[in-house]
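The next block is input32.cif, given as mmCIF, C-alpha atoms and all ligand atoms.
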```cif
data_structure
#
loop_
_atom_site.label_atom_id
_atom_site.label_comp_id
_atom_site.auth_asym_id
_atom_site.auth_seq_id
_atom_site.Cartn_x
_atom_site.Cartn_y
_atom_site.Cartn_z
CA MET A 15 89.39 -40.71 -10.12
CA GLY A 16 86.83 -38.23 -8.91
CA GLU A 17 83.12 -38.80 -8.93
CA SER A 18 81.05 -39.00 -12.04
CA THR A 19 78.41 -36.51 -13.09
CA SER A 20 75.09 -37.40 -14.70
CA ARG A 21 76.80 -38.24 -17.97
CA THR A 22 75.71 -40.58 -20.67
CA ASP A 23 77.30 -43.98 -20.29
CA ALA A 24 79.94 -44.27 -22.94
CA PRO A 25 80.06 -47.50 -24.92
CA SER A 26 83.24 -47.87 -26.97
CA ASP A 27 83.55 -46.90 -30.60
CA GLN A 28 84.39 -50.47 -31.61
CA GLN A 29 81.35 -51.05 -33.83
CA THR A 30 80.09 -48.68 -36.45
CA GLN A 31 76.34 -48.33 -36.08
CA PRO A 32 74.29 -46.57 -38.75
CA LEU A 33 73.42 -43.21 -37.25
CA ASN A 34 69.89 -41.95 -36.89
CA PRO A 35 69.94 -38.19 -36.16
CA ASP A 36 66.38 -38.23 -34.85
CA ARG A 37 67.53 -40.33 -31.93
CA TRP A 38 69.75 -37.46 -30.77
CA ARG A 39 68.06 -34.25 -31.89
CA SER A 40 65.69 -34.05 -28.94
CA ASP A 41 68.70 -33.69 -26.63
CA PHE A 42 69.42 -30.32 -28.25
CA PRO A 43 66.81 -27.77 -27.12
CA ILE A 44 67.90 -25.15 -29.64
CA LEU A 45 67.19 -27.43 -32.60
CA ALA A 46 63.47 -27.03 -31.89
CA LYS A 47 63.71 -23.27 -32.35
CA GLN A 48 61.88 -21.47 -35.17
CA ILE A 49 63.67 -18.78 -37.17
CA HIS A 50 61.40 -16.39 -39.08
CA LYS A 51 58.59 -18.84 -38.25
CA LEU A 52 60.42 -21.71 -39.98
CA PRO A 53 62.27 -24.61 -38.37
CA LEU A 54 65.92 -23.81 -37.68
CA VAL A 55 68.29 -25.59 -40.06
CA TYR A 56 71.64 -25.23 -38.34
CA LEU A 57 74.47 -25.76 -40.84
CA ASP A 58 77.18 -23.65 -39.18
CA ASN A 59 78.83 -26.43 -37.19
CA ALA A 60 82.38 -25.71 -38.35
CA ALA A 61 82.05 -22.36 -36.56
CA THR A 62 80.56 -23.84 -33.42
CA THR A 63 78.21 -26.67 -32.46
CA GLN A 64 75.02 -26.75 -30.42
CA LYS A 65 74.89 -28.19 -26.90
CA PRO A 66 72.91 -31.18 -25.65
CA ARG A 67 71.08 -31.04 -22.30
CA GLN A 68 73.63 -33.48 -20.85
CA VAL A 69 76.45 -30.95 -21.26
CA LEU A 70 74.39 -28.10 -19.81
CA ALA A 71 73.28 -30.35 -16.93
CA ALA A 72 76.85 -31.37 -16.05
CA MET A 73 77.87 -27.72 -15.80
CA ASP A 74 74.71 -26.71 -13.93
CA GLU A 75 75.21 -29.51 -11.43
CA LEU A 76 78.73 -28.33 -10.69
CA TYR A 77 77.64 -24.72 -10.28
CA GLU A 78 74.59 -25.64 -8.20
CA SER A 79 76.08 -28.13 -5.78
CA LYS A 80 79.85 -28.57 -6.05
CA TYR A 81 81.32 -25.24 -7.00
CA ALA A 82 84.48 -23.80 -5.42
CA ASN A 83 87.91 -22.94 -6.78
CA VAL A 84 90.02 -25.98 -7.64
CA HIS A 85 93.35 -27.12 -6.20
CA ARG A 86 93.45 -24.48 -3.48
CA GLY A 87 90.96 -25.00 -0.69
CA ILE A 88 90.96 -27.85 1.78
CA HIS A 89 87.21 -28.04 2.01
CA VAL A 90 84.57 -30.31 0.57
CA LEU A 91 83.38 -28.12 -2.28
CA SER A 92 86.90 -27.43 -3.48
CA GLU A 93 87.70 -31.12 -3.39
CA GLU A 94 84.54 -31.93 -5.32
CA SER A 95 85.32 -29.35 -7.99
CA THR A 96 88.92 -30.51 -8.18
CA ASP A 97 87.89 -34.15 -8.55
CA LEU A 98 85.53 -33.30 -11.39
CA PHE A 99 88.15 -31.16 -13.10
CA GLU A 100 90.79 -33.88 -12.92
CA ALA A 101 88.26 -36.52 -13.99
CA ALA A 102 87.65 -34.34 -17.06
CA ARG A 103 91.38 -34.57 -17.82
CA ASP A 104 91.12 -38.37 -17.61
CA THR A 105 88.23 -38.28 -20.08
CA VAL A 106 90.39 -36.31 -22.55
CA CYS A 107 93.22 -38.83 -22.06
CA ARG A 108 90.86 -41.65 -23.05
CA LEU A 109 89.48 -39.71 -26.04
CA LEU A 110 92.96 -39.25 -27.46
CA GLY A 111 93.92 -42.91 -27.14
CA GLY A 112 95.05 -43.39 -23.57
CA ILE A 113 97.71 -40.74 -23.17
CA SER A 114 98.98 -39.66 -19.77
CA ARG A 115 97.51 -36.87 -17.65
CA GLU A 116 100.74 -34.85 -17.84
CA GLU A 117 100.26 -34.60 -21.60
CA VAL A 118 96.87 -32.86 -21.43
CA ILE A 119 96.98 -29.11 -20.94
CA PHE A 120 93.67 -27.32 -20.63
CA THR A 121 93.62 -24.02 -22.54
CA ARG A 122 90.90 -21.55 -23.49
CA GLY A 123 90.64 -22.97 -27.00
CA THR A 124 92.52 -24.20 -30.05
CA THR A 125 93.92 -20.74 -30.70
CA GLU A 126 95.44 -20.46 -27.23
CA ALA A 127 96.85 -23.99 -27.46
CA ILE A 128 98.73 -23.15 -30.67
CA ASN A 129 99.93 -19.84 -29.21
CA LEU A 130 101.24 -21.72 -26.19
CA VAL A 131 103.45 -23.87 -28.42
CA ALA A 132 104.59 -20.92 -30.55
CA ARG A 133 105.55 -18.88 -27.48
CA SER A 134 106.96 -21.56 -25.24
CA TRP A 135 108.50 -24.17 -27.54
CA GLY A 136 109.01 -21.68 -30.38
CA ASP A 137 110.86 -18.98 -28.47
CA LYS A 138 113.14 -21.56 -26.94
CA ASN A 139 113.94 -23.58 -30.04
CA ILE A 140 113.53 -21.45 -33.16
CA THR A 141 116.28 -19.26 -34.59
CA GLU A 142 116.75 -17.18 -37.72
CA ASP A 143 118.23 -20.17 -39.54
CA ASP A 144 115.07 -22.22 -39.13
CA GLU A 145 112.02 -22.81 -41.28
CA ILE A 146 108.43 -23.47 -40.26
CA LEU A 147 106.22 -25.17 -42.83
CA LEU A 148 102.55 -24.24 -42.95
CA THR A 149 99.97 -25.15 -45.58
CA GLU A 150 97.91 -22.90 -47.80
CA MET A 151 94.75 -24.24 -46.19
CA GLU A 152 95.45 -23.20 -42.57
CA HIS A 153 93.07 -21.27 -40.34
CA HIS A 154 94.53 -17.98 -39.10
CA ALA A 155 94.88 -19.64 -35.67
CA ASN A 156 97.59 -21.81 -37.21
CA ILE A 157 99.21 -19.00 -39.19
CA VAL A 158 99.43 -15.83 -37.12
CA PRO A 159 101.18 -17.34 -34.04
CA TRP A 160 103.92 -18.63 -36.39
CA GLN A 161 104.18 -15.30 -38.18
CA GLN A 162 104.58 -13.65 -34.78
CA LEU A 163 107.24 -16.22 -33.87
CA ALA A 164 109.02 -15.60 -37.19
CA ALA A 165 108.95 -11.85 -36.52
CA ARG A 166 110.50 -12.40 -33.06
CA THR A 167 113.19 -14.82 -34.17
CA GLY A 168 113.91 -14.09 -37.83
CA ALA A 169 112.85 -17.61 -38.84
CA SER A 170 111.23 -18.21 -42.26
CA ILE A 171 107.77 -19.51 -43.02
CA ARG A 172 107.24 -21.63 -46.11
CA TRP A 173 103.90 -22.68 -47.52
CA ILE A 174 103.00 -26.19 -48.64
CA PRO A 175 100.81 -25.58 -51.70
CA ILE A 176 97.44 -27.16 -52.41
CA THR A 177 96.38 -28.75 -55.67
CA ASP A 178 93.46 -27.40 -57.68
CA ASP A 179 91.17 -30.08 -56.26
CA GLY A 180 91.94 -29.00 -52.69
CA HIS A 181 94.48 -31.60 -51.55
CA LEU A 182 97.87 -30.85 -50.07
CA ASP A 183 100.61 -31.13 -52.67
CA LEU A 184 102.61 -33.84 -50.94
CA GLU A 185 105.28 -33.97 -53.63
CA ALA A 186 106.00 -30.31 -53.03
CA PHE A 187 105.98 -30.97 -49.28
CA ASN A 188 108.67 -33.66 -49.70
CA THR A 189 110.92 -31.30 -51.62
CA MET A 190 110.45 -28.49 -49.09
CA LEU A 191 111.68 -30.49 -46.10
CA SER A 192 115.32 -29.90 -45.20
CA PRO A 193 117.56 -29.85 -42.13
CA ARG A 194 116.35 -26.25 -41.67
CA THR A 195 112.74 -27.41 -41.15
CA LYS A 196 112.05 -27.36 -37.42
CA LEU A 197 108.26 -27.56 -37.41
CA VAL A 198 105.41 -28.56 -39.70
CA ALA A 199 102.10 -27.09 -38.52
CA VAL A 200 99.12 -28.50 -40.39
CA THR A 201 95.40 -28.83 -40.02
CA ALA A 202 93.92 -32.33 -39.91
CA VAL A 203 90.79 -31.14 -41.73
CA SER A 204 90.39 -27.90 -43.67
CA ASN A 205 87.68 -25.70 -42.19
CA VAL A 206 86.84 -24.44 -45.71
CA LEU A 207 87.44 -27.30 -48.14
CA GLY A 208 86.68 -30.16 -45.77
CA THR A 209 89.86 -31.88 -47.03
CA ILE A 210 90.99 -34.69 -44.73
CA ASN A 211 94.78 -34.52 -44.70
CA PRO A 212 96.93 -37.68 -44.47
CA ILE A 213 98.25 -36.87 -41.02
CA GLU A 214 100.17 -40.08 -40.36
CA GLN A 215 102.01 -39.81 -43.66
CA ILE A 216 102.82 -36.12 -43.10
CA ILE A 217 104.14 -36.83 -39.61
CA THR A 218 106.27 -39.80 -40.70
CA THR A 219 107.80 -37.76 -43.51
CA ALA A 220 108.41 -34.72 -41.30
CA HIS A 221 109.97 -36.80 -38.53
CA ALA A 222 112.29 -38.50 -41.02
CA ALA A 223 113.55 -35.00 -41.86
CA GLY A 224 114.01 -34.19 -38.17
CA ALA A 225 111.06 -31.78 -37.86
CA LEU A 226 108.37 -31.76 -35.19
CA VAL A 227 104.69 -31.66 -36.16
CA LEU A 228 101.79 -29.72 -34.68
CA ILE A 229 98.31 -30.79 -35.72
CA ASP A 230 95.43 -28.32 -35.64
CA ALA A 231 92.66 -30.83 -34.91
CA ALA A 232 89.87 -28.28 -34.33
CA GLN A 233 87.84 -29.73 -37.22
CA SER A 234 88.76 -33.39 -36.87
CA ILE A 235 88.66 -34.51 -33.23
CA PRO A 236 84.95 -33.54 -32.90
CA HIS A 237 84.06 -35.78 -35.85
CA THR A 238 86.20 -38.91 -35.91
CA PRO A 239 88.07 -41.27 -33.56
CA THR A 240 91.62 -40.10 -32.89
CA ASP A 241 94.66 -41.75 -31.38
CA VAL A 242 97.42 -39.15 -31.15
CA ARG A 243 100.02 -41.84 -30.50
CA VAL A 244 99.10 -43.68 -33.70
CA TRP A 245 99.54 -40.32 -35.45
CA ASP A 246 102.81 -39.90 -33.49
CA ALA A 247 102.02 -36.17 -33.34
CA ASP A 248 104.25 -33.97 -31.23
CA PHE A 249 101.51 -31.42 -30.48
CA VAL A 250 97.76 -31.53 -31.09
CA ALA A 251 95.39 -28.62 -30.48
CA PHE A 252 91.58 -28.62 -30.37
CA GLY A 253 88.71 -26.85 -28.66
CA GLY A 254 85.52 -27.72 -26.81
CA HIS A 255 82.92 -25.56 -28.49
CA LYS A 256 83.13 -27.33 -31.86
CA MET A 257 82.39 -30.69 -30.17
CA LEU A 258 79.20 -29.98 -28.18
CA GLY A 259 81.18 -28.47 -25.30
CA PRO A 260 81.18 -24.93 -23.98
CA THR A 261 83.28 -22.02 -25.19
CA GLY A 262 86.41 -21.10 -23.26
CA ILE A 263 87.94 -24.58 -23.10
CA GLY A 264 90.49 -26.23 -25.34
CA VAL A 265 93.23 -28.81 -25.12
CA LEU A 266 96.87 -28.93 -26.00
CA TYR A 267 98.29 -32.44 -26.21
CA GLY A 268 102.07 -32.52 -26.22
CA LYS A 269 104.53 -35.39 -25.92
CA ARG A 270 105.62 -35.45 -22.33
CA GLN A 271 109.35 -34.93 -22.86
CA LEU A 272 108.61 -31.94 -25.07
CA LEU A 273 106.26 -30.32 -22.57
CA GLU A 274 108.75 -31.00 -19.80
CA SER A 275 111.48 -29.20 -21.72
CA MET A 276 109.33 -26.13 -22.41
CA PRO A 277 109.18 -23.02 -20.21
CA PRO A 278 105.79 -21.84 -18.90
CA PHE A 279 103.75 -19.65 -21.24
CA VAL A 280 101.51 -17.64 -18.88
CA GLY A 281 102.74 -16.83 -15.37
CA GLY A 282 100.66 -16.53 -12.21
CA GLY A 283 99.04 -18.61 -9.52
CA GLY A 284 98.68 -22.36 -9.92
CA MET A 285 101.70 -22.83 -12.20
CA ILE A 286 104.43 -22.51 -9.58
CA ARG A 287 106.03 -24.75 -6.98
CA ARG A 288 107.62 -21.83 -5.15
CA VAL A 289 107.89 -18.06 -5.51
CA ARG A 290 110.59 -15.93 -3.92
CA LYS A 291 111.52 -12.30 -4.39
CA GLU A 292 114.39 -13.51 -6.57
CA GLY A 293 112.25 -15.60 -8.86
CA PHE A 294 109.97 -18.61 -9.17
CA GLU A 295 110.16 -22.34 -9.74
CA ALA A 296 107.58 -23.79 -12.11
CA ALA A 297 105.21 -26.58 -11.07
CA ASP A 298 105.23 -30.00 -12.70
CA LEU A 299 103.05 -30.91 -15.68
CA PRO A 300 100.29 -30.20 -16.38
CA ASP A 301 99.99 -27.35 -13.84
CA LYS A 302 103.05 -25.59 -15.27
CA PHE A 303 100.93 -24.49 -18.24
CA GLU A 304 97.67 -23.78 -16.41
CA ALA A 305 98.20 -20.42 -14.69
CA GLY A 306 95.33 -18.73 -12.92
CA THR A 307 91.94 -20.24 -12.14
CA PRO A 308 91.51 -22.77 -14.96
CA PRO A 309 88.24 -23.09 -16.89
CA PHE A 310 87.26 -26.06 -14.73
CA VAL A 311 83.49 -25.81 -15.20
CA GLU A 312 84.08 -25.69 -18.93
CA ALA A 313 86.41 -28.70 -18.67
CA VAL A 314 83.62 -30.63 -16.96
CA GLY A 315 81.28 -29.53 -19.76
CA LEU A 316 83.83 -30.76 -22.31
CA ALA A 317 84.06 -34.13 -20.56
CA ALA A 318 80.28 -34.47 -20.68
CA ALA A 319 80.43 -33.60 -24.39
CA ILE A 320 83.08 -36.28 -24.98
CA ASP A 321 80.97 -38.85 -23.13
CA TYR A 322 77.99 -37.87 -25.24
CA LEU A 323 79.95 -38.11 -28.52
CA GLN A 324 81.24 -41.52 -27.52
CA SER A 325 77.72 -42.68 -26.77
CA VAL A 326 76.74 -41.65 -30.30
CA GLY A 327 79.95 -43.29 -31.61
CA LEU A 328 82.64 -41.21 -33.30
CA GLU A 329 83.11 -43.73 -36.07
CA SER A 330 79.39 -43.60 -36.87
CA ILE A 331 79.55 -39.81 -36.77
CA ALA A 332 82.40 -39.76 -39.32
CA ASP A 333 80.55 -42.14 -41.66
CA TYR A 334 77.27 -40.31 -41.35
CA GLU A 335 78.76 -36.88 -41.98
CA GLN A 336 80.46 -38.18 -45.09
CA GLN A 337 77.05 -39.36 -46.30
CA LEU A 338 75.67 -35.89 -45.66
CA ALA A 339 78.60 -34.32 -47.54
CA THR A 340 78.00 -36.68 -50.47
CA LEU A 341 74.32 -35.81 -50.53
CA ALA A 342 75.05 -32.08 -50.36
CA ILE A 343 77.69 -32.19 -53.08
CA ASP A 344 75.52 -34.32 -55.39
CA ARG A 345 72.51 -32.08 -54.92
CA LEU A 346 74.31 -28.70 -55.03
CA SER A 347 76.56 -29.56 -57.96
CA ALA A 348 73.45 -30.39 -59.99
CA ILE A 349 72.30 -26.77 -59.63
CA GLU A 350 73.56 -24.67 -62.52
CA GLY A 351 75.63 -21.71 -61.36
CA VAL A 352 76.76 -23.28 -58.08
CA ASP A 353 80.50 -23.92 -57.76
CA ILE A 354 81.75 -26.18 -54.99
CA PHE A 355 85.31 -25.93 -53.65
CA GLY A 356 87.42 -28.82 -52.47
CA PRO A 357 87.88 -32.54 -53.04
CA PRO A 358 85.26 -35.19 -53.89
CA ALA A 359 82.87 -36.08 -51.06
CA ALA A 360 84.55 -39.43 -50.37
CA GLU A 361 87.74 -37.58 -49.46
CA ARG A 362 86.32 -34.92 -47.20
CA ALA A 363 84.60 -34.25 -43.92
CA GLY A 364 81.15 -32.68 -43.58
CA ILE A 365 82.11 -29.21 -44.80
CA VAL A 366 80.95 -27.84 -48.16
CA SER A 367 81.97 -24.36 -49.30
CA PHE A 368 80.45 -22.95 -52.44
CA GLN A 369 79.79 -19.89 -54.54
CA ILE A 370 76.67 -18.96 -56.48
CA GLU A 371 77.48 -17.22 -59.74
CA GLY A 372 76.58 -13.55 -59.57
CA VAL A 373 75.63 -13.59 -55.87
CA HIS A 374 77.99 -12.51 -53.11
CA ALA A 375 78.45 -15.10 -50.37
CA HIS A 376 77.13 -12.65 -47.74
CA ASP A 377 73.92 -12.19 -49.74
CA VAL A 378 73.59 -15.99 -49.98
CA ALA A 379 73.86 -16.34 -46.20
CA GLN A 380 71.43 -13.50 -45.63
CA ILE A 381 68.80 -14.93 -47.96
CA LEU A 382 69.21 -18.44 -46.56
CA ASP A 383 68.63 -17.00 -43.11
CA ARG A 384 65.16 -15.95 -44.27
CA TYR A 385 64.49 -19.65 -44.77
CA GLY A 386 65.71 -20.41 -41.26
CA ILE A 387 68.98 -21.82 -42.59
CA ALA A 388 72.16 -20.85 -40.74
CA ILE A 389 75.35 -21.04 -42.80
CA ARG A 390 78.52 -18.94 -42.72
CA ALA A 391 79.89 -16.60 -45.37
CA GLY A 392 83.24 -14.87 -45.70
CA HIS A 393 86.84 -15.98 -45.60
CA HIS A 394 86.31 -18.31 -42.59
CA CYS A 395 89.60 -17.11 -41.05
CA ALA A 396 91.47 -18.56 -44.00
CA MET A 397 92.44 -15.55 -46.12
CA PRO A 398 95.55 -17.09 -47.75
CA LEU A 399 93.40 -20.04 -48.85
CA HIS A 400 90.75 -17.75 -50.34
CA LEU A 401 93.46 -15.87 -52.25
CA ARG A 402 94.65 -19.22 -53.60
CA LEU A 403 91.08 -20.12 -54.57
CA GLY A 404 90.61 -16.75 -56.26
CA ALA A 405 87.45 -16.16 -54.24
CA PRO A 406 87.33 -13.31 -51.71
CA ALA A 407 84.49 -15.05 -49.90
CA THR A 408 82.65 -18.36 -49.94
CA ALA A 409 79.41 -19.63 -48.45
CA ARG A 410 79.94 -22.62 -46.15
CA ALA A 411 77.52 -25.30 -45.01
CA SER A 412 78.96 -27.55 -42.32
CA PHE A 413 77.30 -30.56 -40.77
CA TYR A 414 77.15 -32.46 -37.52
CA PHE A 415 75.51 -35.78 -36.70
CA TYR A 416 72.25 -34.06 -35.71
CA ASN A 417 71.71 -32.74 -39.25
CA THR A 418 69.36 -34.61 -41.54
CA PRO A 419 69.06 -35.31 -45.30
CA ALA A 420 65.86 -33.21 -45.23
CA GLU A 421 67.91 -30.23 -44.04
CA ILE A 422 70.26 -30.63 -46.99
CA GLU A 423 67.28 -30.68 -49.31
CA ALA A 424 66.05 -27.48 -47.60
CA LEU A 425 69.47 -25.92 -48.24
CA ALA A 426 69.40 -26.87 -51.92
CA GLU A 427 65.87 -25.55 -52.40
CA ALA A 428 66.73 -22.28 -50.66
CA ILE A 429 69.77 -21.89 -52.94
CA GLU A 430 67.50 -22.37 -55.96
CA GLU A 431 65.14 -19.72 -54.56
CA THR A 432 68.11 -17.38 -54.01
CA GLN A 433 69.07 -17.72 -57.65
CA LYS A 434 65.49 -16.91 -58.70
CA VAL A 435 65.46 -13.74 -56.57
CA PHE A 436 68.72 -12.56 -58.10
CA ARG A 437 67.69 -13.40 -61.66
CA LYS A 438 64.47 -11.44 -61.17
CA ASN A 439 66.37 -8.47 -59.71
CA ARG A 440 68.81 -8.49 -62.66
CA LYS A 441 65.94 -8.32 -65.15
CA LYS A 442 64.42 -5.24 -63.46
N1 LIG B 501 91.61 -24.12 -36.35
C1 LIG B 501 90.61 -24.42 -37.19
C2 LIG B 501 90.86 -25.36 -38.33
C3 LIG B 501 89.35 -23.87 -36.98
O1 LIG B 501 88.35 -24.16 -37.81
C4 LIG B 501 89.15 -23.01 -35.88
C5 LIG B 501 87.84 -22.37 -35.63
O2 LIG B 501 87.14 -21.98 -36.53
C6 LIG B 501 90.23 -22.73 -35.03
C7 LIG B 501 91.45 -23.31 -35.29
C8 LIG B 501 90.09 -21.84 -33.83
O3 LIG B 501 89.47 -22.56 -32.83
P1 LIG B 501 89.12 -21.96 -31.37
O4 LIG B 501 87.83 -21.23 -31.54
O5 LIG B 501 88.97 -23.19 -30.53
O6 LIG B 501 90.24 -21.10 -30.93
#
```
Go ahead and render the structure in this file as structure tokens.
Ligand code: PLP
Amino acid sequence: MGESTSRTDAPSDQQTQPLNPDRWRSDFPILAKQIHKLPLVYLDNAATTQKPRQVLAAMDELYESKYANVHRGIHVLSEESTDLFEAARDTVCRLLGGISREEVIFTRGTTEAINLVARSWGDKNITEDDEILLTEMEHHANIVPWQQLAARTGASIRWIPITDDGHLDLEAFNTMLSPRTKLVAVTAVSNVLGTINPIEQIITTAHAAGALVLIDAAQSIPHTPTDVRVWDADFVAFGGHKMLGPTGIGVLYGKRQLLESMPPFVGGGGMIRRVRKEGFEAADLPDKFEAGTPPFVEAVGLAAAIDYLQSVGLESIADYEQQLATLAIDRLSAIEGVDIFGPPAAERAGIVSFQIEGVHAHDVAQILDRYGIAIRAGHHCAMPLHLRLGAPATARASFYFYNTPAEIEALAEAIEETQKVFRKNRKK
């Protein structure tokens, strides 16, 4: 439905093509930027990704020639905006494996999507007798909403431990499941360790115990093909800005019968069928969960980003990023005094967190910045994980398909230079 924007034609992901980053880099204006007179090496993709011209153009086109509020006006501009917004929903349906439009709720991001489930499904279904299972590797976005729910209801939170090599301890998980377990909320990919969790296995096991499963897919859907029905996930949350799209847009997928049974989260315009002085009647899905003016320009930007990613090929992206991770781990682990966290490269996505002996992670990031290299340092919104790792902070390099092997070499050389600076300072 709707009319198409100037998006890249999207061939399917059927065949895995070897990926050549240079074919795509010129679409990203920011990648040509110089930092401290050196070429930008952008390795902070787990925090957010850069935007290709196609995404910016799709949003500009809407603002310049089709912009009016959606769903409300009976005039041409409003219809054009509405068509584009709803076409964006169709694009998300295809990305997730052909789900129905009622199962795609646009939110402001992953965080809001998880909060929606905690507030709406959680408040209705969770009691003080219940347990929610989280893992030690969750992002705060998949911890705090459940802690808030537990505080409201008296429910308990239990933590699935990780092994020393950064995998989930699945044996422990099996023993923790019980009739009290109502929800398992787990990340598909750790934003610190890069661990790729066995989502299908976790969901099958949880369902056999009668629990629902929410997947935080913020770090997986941007990087690999996903079919939420093959997963059999009950809820899946992800955001636009980590997948070439704009900020302020995210998606909650929920199984239709679950979403239908849940009360609205935010109240206001757009989510009602009728309002009277005595009360209101909620609209059908998906509007029921989209109160207020939705981020429709951002949704159109997200759709353009999805089209772009599919033209690159998500399977190729996953393969290529694993090659980059392998290269980074091989090169960095050969540097004395560099400790890498997480599983072997073959079992992880393109995220490599590390520590340099005797150098605080913030100093590492600051010195790398002098070489034009952007990484992140800190707890990466995963404080319980850092406590488990015994490291208050780590430095994190995270890759996307536009990164190159030469950039990883630049990272390694800059780390070696950082060590030299600190050794010299210690001798003084
Ligand atoms: N979950 C994970 C695993 C993340 O890495 C992030 C962002 O860093 C989030 C959730 C929060 O995502 P958003 O910015 O879309 O709310």
Residues at most 7 Å from ligand LIG 501 (chain B), using all atoms listed in the file? Could they come as a ChimeraX atom specification? /A:60-61,123-126,152-153,155-156,201,203-205,230-233,252-255,264
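Among the candidate residues A:Ala420, A:Val206, A:Leu147, A:Ile229, the one lying nearest to Ala342 in chain A is A:Ala420, with distances computed using all atoms listed in the file.
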Selection near Ser95 in chain A, 10 Å with only C-alpha atoms, sequence-local residues under 2 positions removed, as a PyMOL selection string: chain A and resi 16-17+76-77+79-85+90-93+97-101+310-311+314
Counting only C-alpha atoms, the option among A:Ile176, A:Leu328, A:Ala251, A:Leu323 closest to Ala199 in chain A: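 Ranking A:Ile176, A:Leu328, A:Ala251, A:Leu323 by distance to Ala199 in chain A, first place goes to A:Ala251.
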Nearby residues (only C-alpha atoms) at most 12 Å from Ala165 in chain A, same-chain spacing under 6 positions excluded, as a ChimeraX atom specification: /A:132-133,136-137,140-142,158-159,171
Put those residues in a file: C-alpha atoms, as a short mmCIF file (atom, residue, chain, number, x, y, z; two decimals), in the coordinates of the input.
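What landed in again-v3.cif:
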```cif
data_model
loop_
_atom_site.label_atom_id
_atom_site.label_comp_id
_atom_site.auth_asym_id
_atom_site.auth_seq_id
_atom_site.Cartn_x
_atom_site.Cartn_y
_atom_site.Cartn_z
CA ALA A 132 104.59 -20.92 -30.55
CA ARG A 133 105.55 -18.88 -27.48
CA GLY A 136 109.01 -21.68 -30.38
CA ASP A 137 110.86 -18.98 -28.47
CA ILE A 140 113.53 -21.45 -33.16
CA THR A 141 116.28 -19.26 -34.59
CA GLU A 142 116.75 -17.18 -37.72
CA VAL A 158 99.43 -15.83 -37.12
CA PRO A 159 101.18 -17.34 -34.04
CA ILE A 171 107.77 -19.51 -43.02
#
```
By how many Å are CA of Ala318 in chain A and CA of Asp246 in chain A apart?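 Interatomic distance, CA of Ala318 in chain A to CA of Asp246 in chain A: 26.5 Å.
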Give me, as a count of residues only, all polymer residues having an atom no more than 6 Å from range 279-283 of chain A, counting all atoms listed in the file and skipping those fewer than 4 positions away in the same chain. 4
Pick from A:Arg39, A:His394, A:Arg345, A:Arg287: nearest to Pro66 in chain A, with only C-alpha atoms counted?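 Under the stated criterion, the closest residue is A:Arg39.
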I'd like the box whose edges run along x, y and z of the file and which contains every listed atom of range 378-388 of chain A, padded by 5 Å per side; could you state its centre and edge lengths in Å, one decimal, as lines of an AutoDock Vina configuration file?
```
center_x = 69.2
center_y = -17.7
center_z = -45.4
size_x = 19.4
size_y = 18.3
size_z = 19.2
```
As a compact mmCIF listing (two decimals) with C-alpha atoms, in the coordinates of the input, please: the residues near range 408-412 of chain A (cut-off 6 Å, only C-alpha atoms, same-chain neighbours under 2 positions excluded).
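Output below, filename selection.txt:
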```txt
# COMPACT_ATOMS: atom_id res chain seq x y z
CA LEU A 57 74.47 -25.76 -40.84
CA ASP A 58 77.18 -23.65 -39.18
CA ASN A 59 78.83 -26.43 -37.19
CA ALA A 60 82.38 -25.71 -38.35
CA GLY A 364 81.15 -32.68 -43.58
CA ILE A 365 82.11 -29.21 -44.80
CA VAL A 366 80.95 -27.84 -48.16
CA SER A 367 81.97 -24.36 -49.30
CA PHE A 368 80.45 -22.95 -52.44
CA GLN A 369 79.79 -19.89 -54.54
CA ALA A 375 78.45 -15.10 -50.37
CA ILE A 389 75.35 -21.04 -42.80
CA ARG A 390 78.52 -18.94 -42.72
CA ALA A 391 79.89 -16.60 -45.37
CA GLY A 392 83.24 -14.87 -45.70
```
Taking all atoms listed in the file into account, name the residue in A:Ile286, A:Ala247, A:Met151, A:Ala317 that is nearest to Ala396 in chain A.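 Closest to Ala396 in chain A of all the choices is A:Met151.
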To one decimal in Å, tell me the separation between CA of Val242 in chain A and CA of Leu110 in chain A.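 CA of Leu110 in chain A lies at a distance of 5.8 Å from CA of Val242 in chain A.
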Which distance in Å separates CA of Met73 in chain A and CA of Ser40 in chain A, to one decimal?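 For CA of Met73 in chain A relative to CA of Ser40 in chain A, the distance reads 19.0 Å.
Among the candidates A:Pro309, A:Pro32, A:Pro277, A:Pro239, the residue lying nearest to Asn139 in chain A is A:Pro277 (atoms considered: all atoms listed in the file).
In this comparison, which uses all atoms listed in the file, the residue of A:Ile157, A:Leu226, A:Leu54, A:Ala186 approaching Met397 in chain A most closely is A:Ile157.
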Could you check which residues have any atom within 7 Å of (116.6, -17.4, -39.9), counting only C-alpha atoms with coordinates taken straight from the file, and then list them as a PyMOL selection string? chain A and resi 141-144+168-170
If we count only C-alpha atoms, what is near range 428-436 of chain A at a cut-off of 7 Å, once residues fewer than 2 positions away on the same chain are taken out, given as a VMD selection string? chain A and resid 378 381 to 382 385 424 to 426 438 to 440
